[in-house]
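K.L.:
Sharing a structure with you now.
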Amino acid sequence: MMKEKYMISKVHVVLLSFLLMMSYGWAAGNNFRLPEYETFVMNNGLTVYLMEQHEVPLIYVSAVVPAGAVKDGEKYGLASLTADTLLFGTKTYTKNQMEEKLDFLGADYKTEADAEVTEISASFAKKDQDTVMPILKEIIADPIFDQKEFEKRKKRLLLQLERAKERPGAVIRFYYNKFLFGQHGYGNPIDGTRPSVSKITIEDIKNFYKTNYKPAESAIAIVGDFKIPEMKEKVNEWFNGWNARGSSKPMEAKPLPSFSRSRVLLVNKEDATETRFFIGGLGIKRSNPDYVAIQVINTILGGRFTSWLNDELRVNAGLTYGAFSFFPAYKTSGTFIIGSFTRTPKTVEALDLALEVLGRLQKKEIDAKTLESAKNYIKGQYPPRYETAGALANLLTNMFIYGFDESFINDFQKNVDQITVEKAKEIVKKYFIKDNLQFVLIGKASEIRDKVKKYGEITEKEITAEGF
C-alpha cells in the first residue's frame, strides 16, 4: 500500500508467537483449534468478539466497518482517504495530542481501507487499556475530519500516486483488477487515481463516513490479557455512545463480468527492460467451501518456492527471479492470478512456459506423493499464521466480514487430510481455469506488441496515462 502505517512491534510478535506455540502446541502435525472466545451484540448493533490470551500482558484490537473501496463510486480513493482522516483528531483530542499520548504509552495503531472494509487496529499494554480504548472509540465514532490535516494528506497521496507507476510491481494488481472487473466495485483502485483524488473534498469525506460507518454492520475483536466478563462491561461502556443509525450504502449493484474470449492489456512503459505479467481470471469468494482444497492445489502450482511455476520459470529455465499463483478472495468474488516478470526479449518464452505449466496441472493427474507434500506444507503453514493475538483478532473480524466460522480453523487439518487424488482432479477442473484467460503485461510495447498478439485481443495503455 502507498500509505503510512504504524506497525506492531516485532519483539512483541516474536515473543507472543513463541509463547502461544508452546501453550497450544500449534506446531505442524498437531490438530490446531481456535481458542475459546465469546461473541455478543451490543444494543447499537455492534458485534463484539472477546478472546482471552494471558501469556503476555498485551491487548490487540481489530475493528472493521463496511467502508471499503467498492463503495467509492467514481471517487476512487475516497474510502482510503476517509480511513486516513480518522486519525486527524477527535472530539477530545487533536491529532498531535492523540499521537503524543498513544506514542508515550508505546501503543501501535493504524487505520486502513481495503477493497471491502476499513480496519482500525491497535496493540498496547494491558495496564493502558482504560486510556487507549476510549481513544480508539473516538477514532471510530467521533472523528472531526480536520481540514488542514486532510489537505496535507491529500497532497502527499497525489505525489505518491504520481511516483507509484515507476514501479510496475506496485501497480500491476490495480491494472489487473480494473481489466477484469471493469466498472464493478472490485475494479476500484484502493488508493485512487490522481484525477479522482484531486477532486475529493472534506465534505466528501464527511458524507462517506456518515453513510458507511454504522455499528450495526461493524465488528470489533479484542484479544489479550483480560477477563471476558470485565472486558464485556468495559466494551459496553466505551462503545455505547456510537449511535449511527441505519444501514450503510451498499456496493453499487453491477453484474460480475464473464469472459467469452482471451484478452490482453498491454501497458507500455517505454523505458522498461523487463515485462511484468499477470495471467488468470475470476476466482472465488472467501466463504467458498473448497477454499482449503484450492489452497492445497495452488501450493503445487505456484504457492511455494518449490512450486511447479517457480521450478520451471526460475530454477530450470532461468527466465525470472520467481513465479507464483494465488487466489485473492473477496466477499462475493475473487481473482486467480499467475504472476512473474522477465527480461523483455524473453517475454513470450516466459508466458508460454507459464501457460505450459498451467496446462500440465490440468492434463497431468496430481500423483499421491505430490499431493501429500502439498498437504503437509499447508498444514505446517496455517497454524503459524494464527499464533499471535493480533492475527487471532484479525481472524475473528474476517469471520464476520466474509461469512465463515471457526470450523475453518477447527476442521482445517481434517479437511486437508480428506483431499484425495480424485478430489484434487475435481478442484483443478473447477477452479484452475484454462480457457478465456486474461493477460495484463507491463513492459516496452514496441518490443513485445507483435509477439503477444497470439494470446488474445490487445488493448493498449500508456503507463503515464492517468488511472488504470
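Each chain of the C-alpha cells is named A, B, ... in the order shown, its residues numbered from 1; ligands are numbered from 1 in display order.
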Enumerate the residues of stretch 41-121 of chain A with a DSSP assignment of strand (DSSP E or B), computed from the backbone, and present them as a list in words.
P.N.:
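Strand (DSSP E or B) assignments inside stretch 41-121 of chain A correspond to Val41, Thr47, Val48, Tyr49, Leu50, Met51, Glu52, Leu58, Ile59, Tyr60, Val61, Ser62, Ala63, Val64, Val65, Gly89, Thr90, Thr94, Asp108, Tyr109, Lys110, Thr111, Glu112, Ala113, Thr118, Glu119, Ile120 and Ser121 of chain A.
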K.L.:
Could those residues be written to a file, using C-alpha atoms, as an mmCIF file, in the first residue's frame?
P.N.:
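Resulting contents of again.cif:
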data_model
loop_
_atom_site.group_PDB
_atom_site.id
_atom_site.type_symbol
_atom_site.label_atom_id
_atom_site.label_comp_id
_atom_site.auth_asym_id
_atom_site.auth_seq_id
_atom_site.Cartn_x
_atom_site.Cartn_y
_atom_site.Cartn_z
ATOM 1 C CA VAL A 41 -24.080 -7.894 20.025
ATOM 2 C CA THR A 47 -20.776 -7.248 17.065
ATOM 3 C CA VAL A 48 -18.060 -7.897 19.655
ATOM 4 C CA TYR A 49 -15.592 -10.806 19.840
ATOM 5 C CA LEU A 50 -13.606 -11.346 23.063
ATOM 6 C CA MET A 51 -10.798 -13.880 23.434
ATOM 7 C CA GLU A 52 -8.537 -14.256 26.470
ATOM 8 C CA LEU A 58 -0.787 -7.205 25.879
ATOM 9 C CA ILE A 59 -4.117 -6.497 24.202
ATOM 10 C CA TYR A 60 -4.799 -6.492 20.473
ATOM 11 C CA VAL A 61 -7.812 -4.876 18.814
ATOM 12 C CA SER A 62 -9.216 -5.188 15.315
ATOM 13 C CA ALA A 63 -12.338 -3.197 14.400
ATOM 14 C CA VAL A 64 -13.911 -3.363 10.932
ATOM 15 C CA VAL A 65 -16.565 -1.228 9.257
ATOM 16 C CA GLY A 89 -8.337 14.409 15.509
ATOM 17 C CA THR A 90 -11.425 13.548 17.547
ATOM 18 C CA THR A 94 -6.232 16.990 18.321
ATOM 19 C CA ASP A 108 0.795 0.731 17.973
ATOM 20 C CA TYR A 109 -2.215 1.705 15.891
ATOM 21 C CA LYS A 110 -3.333 2.212 12.312
ATOM 22 C CA THR A 111 -6.349 2.702 10.087
ATOM 23 C CA GLU A 112 -6.504 1.196 6.626
ATOM 24 C CA ALA A 113 -9.089 0.642 3.918
ATOM 25 C CA THR A 118 -11.834 -0.262 6.738
ATOM 26 C CA GLU A 119 -9.921 -1.693 9.684
ATOM 27 C CA ILE A 120 -8.931 0.222 12.795
ATOM 28 C CA SER A 121 -6.386 -1.810 14.740
#
K.L.:
Within 12 Å of A:Met98, counting only C-alpha atoms, which residues qualify if same-chain residues fewer than 4 places away don't, as a PyMOL selection string?
P.N.:
chain A and resi 86-94+102-105+107+109+131-132+134-136+138-139+143
K.L.:
Excluding same-chain residues fewer than 3 positions from A:Pro257, what lies within 12 Å of it counting only C-alpha atoms, as number ranges by chain?
P.N.:
A: 177-187, 254, 260, 281-283, 333-335, 438
K.L.:
Quick one: pick out all helix (DSSP H, G or I) residues within stretch 284-380 of chain A from a backbone DSSP run and write them as a PyMOL selection string.
P.N.:
chain A and resi 291-301+308-316+344-363+368-380
K.L.:
Write the selection just made, keeping N, CA and C atoms, as a compact mmCIF listing (two decimals), in the first residue's frame?
P.N.:
# COMPACT_ATOMS: atom_id res chain seq x y z
N TYR A 291 -12.36 -23.65 -0.28
CA TYR A 291 -11.25 -22.72 -0.08
C TYR A 291 -9.96 -23.44 0.33
N VAL A 292 -10.06 -24.37 1.28
CA VAL A 292 -8.86 -25.06 1.77
C VAL A 292 -8.28 -25.95 0.68
N ALA A 293 -9.13 -26.68 -0.01
CA ALA A 293 -8.65 -27.57 -1.07
C ALA A 293 -7.96 -26.78 -2.17
N ILE A 294 -8.49 -25.60 -2.49
CA ILE A 294 -7.88 -24.76 -3.52
C ILE A 294 -6.48 -24.32 -3.09
N GLN A 295 -6.32 -23.98 -1.80
CA GLN A 295 -5.00 -23.57 -1.31
C GLN A 295 -4.00 -24.72 -1.42
N VAL A 296 -4.46 -25.93 -1.16
CA VAL A 296 -3.56 -27.09 -1.26
C VAL A 296 -3.09 -27.27 -2.70
N ILE A 297 -4.03 -27.25 -3.65
CA ILE A 297 -3.65 -27.44 -5.05
C ILE A 297 -2.81 -26.27 -5.54
N ASN A 298 -3.14 -25.06 -5.11
CA ASN A 298 -2.35 -23.91 -5.53
C ASN A 298 -0.92 -23.99 -5.01
N THR A 299 -0.72 -24.64 -3.88
CA THR A 299 0.63 -24.85 -3.37
C THR A 299 1.47 -25.58 -4.41
N ILE A 300 0.88 -26.54 -5.09
CA ILE A 300 1.58 -27.29 -6.11
C ILE A 300 1.90 -26.41 -7.32
N LEU A 301 0.91 -25.63 -7.76
CA LEU A 301 1.09 -24.81 -8.96
C LEU A 301 2.05 -23.66 -8.73
N TRP A 308 5.58 -25.81 -9.05
CA TRP A 308 5.88 -26.09 -10.46
C TRP A 308 6.24 -24.82 -11.22
N LEU A 309 5.51 -23.74 -11.00
CA LEU A 309 5.79 -22.50 -11.71
C LEU A 309 7.19 -21.97 -11.40
N ASN A 310 7.54 -21.93 -10.12
CA ASN A 310 8.84 -21.40 -9.75
C ASN A 310 9.97 -22.31 -10.22
N ASP A 311 9.75 -23.62 -10.11
CA ASP A 311 10.77 -24.56 -10.58
C ASP A 311 11.05 -24.36 -12.06
N GLU A 312 9.99 -24.25 -12.87
CA GLU A 312 10.18 -24.17 -14.31
C GLU A 312 10.70 -22.80 -14.75
N LEU A 313 10.08 -21.72 -14.28
CA LEU A 313 10.44 -20.41 -14.78
C LEU A 313 11.73 -19.87 -14.16
N ARG A 314 11.95 -20.19 -12.90
CA ARG A 314 13.15 -19.65 -12.24
C ARG A 314 14.30 -20.66 -12.23
N VAL A 315 14.05 -21.83 -11.67
CA VAL A 315 15.14 -22.78 -11.41
C VAL A 315 15.61 -23.43 -12.70
N ASN A 316 14.69 -23.95 -13.50
CA ASN A 316 15.09 -24.72 -14.68
C ASN A 316 15.42 -23.82 -15.89
N THR A 344 12.76 -8.32 -21.17
CA THR A 344 11.90 -8.02 -22.31
C THR A 344 12.03 -9.03 -23.45
N PRO A 345 13.24 -9.40 -23.90
CA PRO A 345 13.35 -10.35 -25.02
C PRO A 345 12.80 -11.74 -24.69
N LYS A 346 12.65 -12.06 -23.42
CA LYS A 346 12.20 -13.38 -23.01
C LYS A 346 10.72 -13.42 -22.65
N THR A 347 9.99 -12.35 -22.99
CA THR A 347 8.59 -12.24 -22.56
C THR A 347 7.75 -13.41 -23.03
N VAL A 348 7.77 -13.70 -24.33
CA VAL A 348 6.94 -14.76 -24.88
C VAL A 348 7.37 -16.12 -24.34
N GLU A 349 8.65 -16.32 -24.23
CA GLU A 349 9.15 -17.59 -23.69
C GLU A 349 8.63 -17.83 -22.27
N ALA A 350 8.64 -16.78 -21.46
CA ALA A 350 8.16 -16.91 -20.09
C ALA A 350 6.65 -17.13 -20.04
N LEU A 351 5.90 -16.38 -20.87
CA LEU A 351 4.45 -16.55 -20.91
C LEU A 351 4.09 -17.95 -21.38
N ASP A 352 4.75 -18.43 -22.43
CA ASP A 352 4.45 -19.76 -22.94
C ASP A 352 4.74 -20.83 -21.90
N LEU A 353 5.83 -20.66 -21.18
CA LEU A 353 6.18 -21.66 -20.16
C LEU A 353 5.19 -21.63 -19.01
N ALA A 354 4.75 -20.44 -18.60
CA ALA A 354 3.74 -20.36 -17.54
C ALA A 354 2.45 -21.05 -17.97
N LEU A 355 2.03 -20.84 -19.21
CA LEU A 355 0.83 -21.49 -19.71
C LEU A 355 1.02 -23.00 -19.83
N GLU A 356 2.23 -23.41 -20.19
CA GLU A 356 2.52 -24.85 -20.27
C GLU A 356 2.39 -25.51 -18.90
N VAL A 357 2.88 -24.82 -17.87
CA VAL A 357 2.78 -25.37 -16.51
C VAL A 357 1.32 -25.45 -16.07
N LEU A 358 0.54 -24.40 -16.37
CA LEU A 358 -0.88 -24.45 -16.05
C LEU A 358 -1.56 -25.60 -16.79
N GLY A 359 -1.19 -25.80 -18.05
CA GLY A 359 -1.75 -26.91 -18.81
C GLY A 359 -1.37 -28.25 -18.23
N ARG A 360 -0.15 -28.35 -17.72
CA ARG A 360 0.28 -29.60 -17.10
C ARG A 360 -0.56 -29.94 -15.89
N LEU A 361 -0.91 -28.92 -15.10
CA LEU A 361 -1.76 -29.14 -13.93
C LEU A 361 -3.10 -29.71 -14.36
N GLN A 362 -3.60 -29.26 -15.48
CA GLN A 362 -4.93 -29.68 -15.93
C GLN A 362 -4.92 -31.01 -16.68
N LYS A 363 -3.82 -31.32 -17.31
CA LYS A 363 -3.76 -32.55 -18.12
C LYS A 363 -3.15 -33.73 -17.36
N ALA A 368 -0.16 -39.06 -5.85
CA ALA A 368 -0.35 -39.10 -4.39
C ALA A 368 0.82 -38.49 -3.65
N LYS A 369 2.04 -38.71 -4.13
CA LYS A 369 3.22 -38.18 -3.45
C LYS A 369 3.25 -36.66 -3.50
N THR A 370 2.95 -36.09 -4.67
CA THR A 370 2.93 -34.64 -4.83
C THR A 370 1.83 -34.02 -3.96
N LEU A 371 0.68 -34.67 -3.96
CA LEU A 371 -0.44 -34.16 -3.16
C LEU A 371 -0.11 -34.21 -1.67
N GLU A 372 0.49 -35.28 -1.22
CA GLU A 372 0.82 -35.41 0.19
C GLU A 372 1.83 -34.34 0.62
N SER A 373 2.78 -34.05 -0.24
CA SER A 373 3.76 -32.99 0.05
C SER A 373 3.07 -31.65 0.22
N ALA A 374 2.12 -31.34 -0.68
CA ALA A 374 1.39 -30.07 -0.59
C ALA A 374 0.54 -30.01 0.67
N LYS A 375 -0.09 -31.11 1.01
CA LYS A 375 -0.93 -31.16 2.21
C LYS A 375 -0.09 -30.93 3.47
N ASN A 376 1.07 -31.56 3.53
CA ASN A 376 1.94 -31.37 4.70
C ASN A 376 2.45 -29.93 4.79
N TYR A 377 2.74 -29.34 3.64
CA TYR A 377 3.20 -27.95 3.62
C TYR A 377 2.12 -27.02 4.16
N ILE A 378 0.89 -27.19 3.67
CA ILE A 378 -0.21 -26.34 4.10
C ILE A 378 -0.48 -26.53 5.58
N LYS A 379 -0.47 -27.75 6.07
CA LYS A 379 -0.71 -27.99 7.50
C LYS A 379 0.38 -27.36 8.35
N GLY A 380 1.58 -27.28 7.82
CA GLY A 380 2.66 -26.65 8.57
C GLY A 380 2.62 -25.14 8.51
K.L.:
For the atom pair atom CA of A:Glu387 and atom CA of A:Thr39, what is the interatomic distance in Å to one decimal place?
P.N.:
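The value is 20.4 Å.
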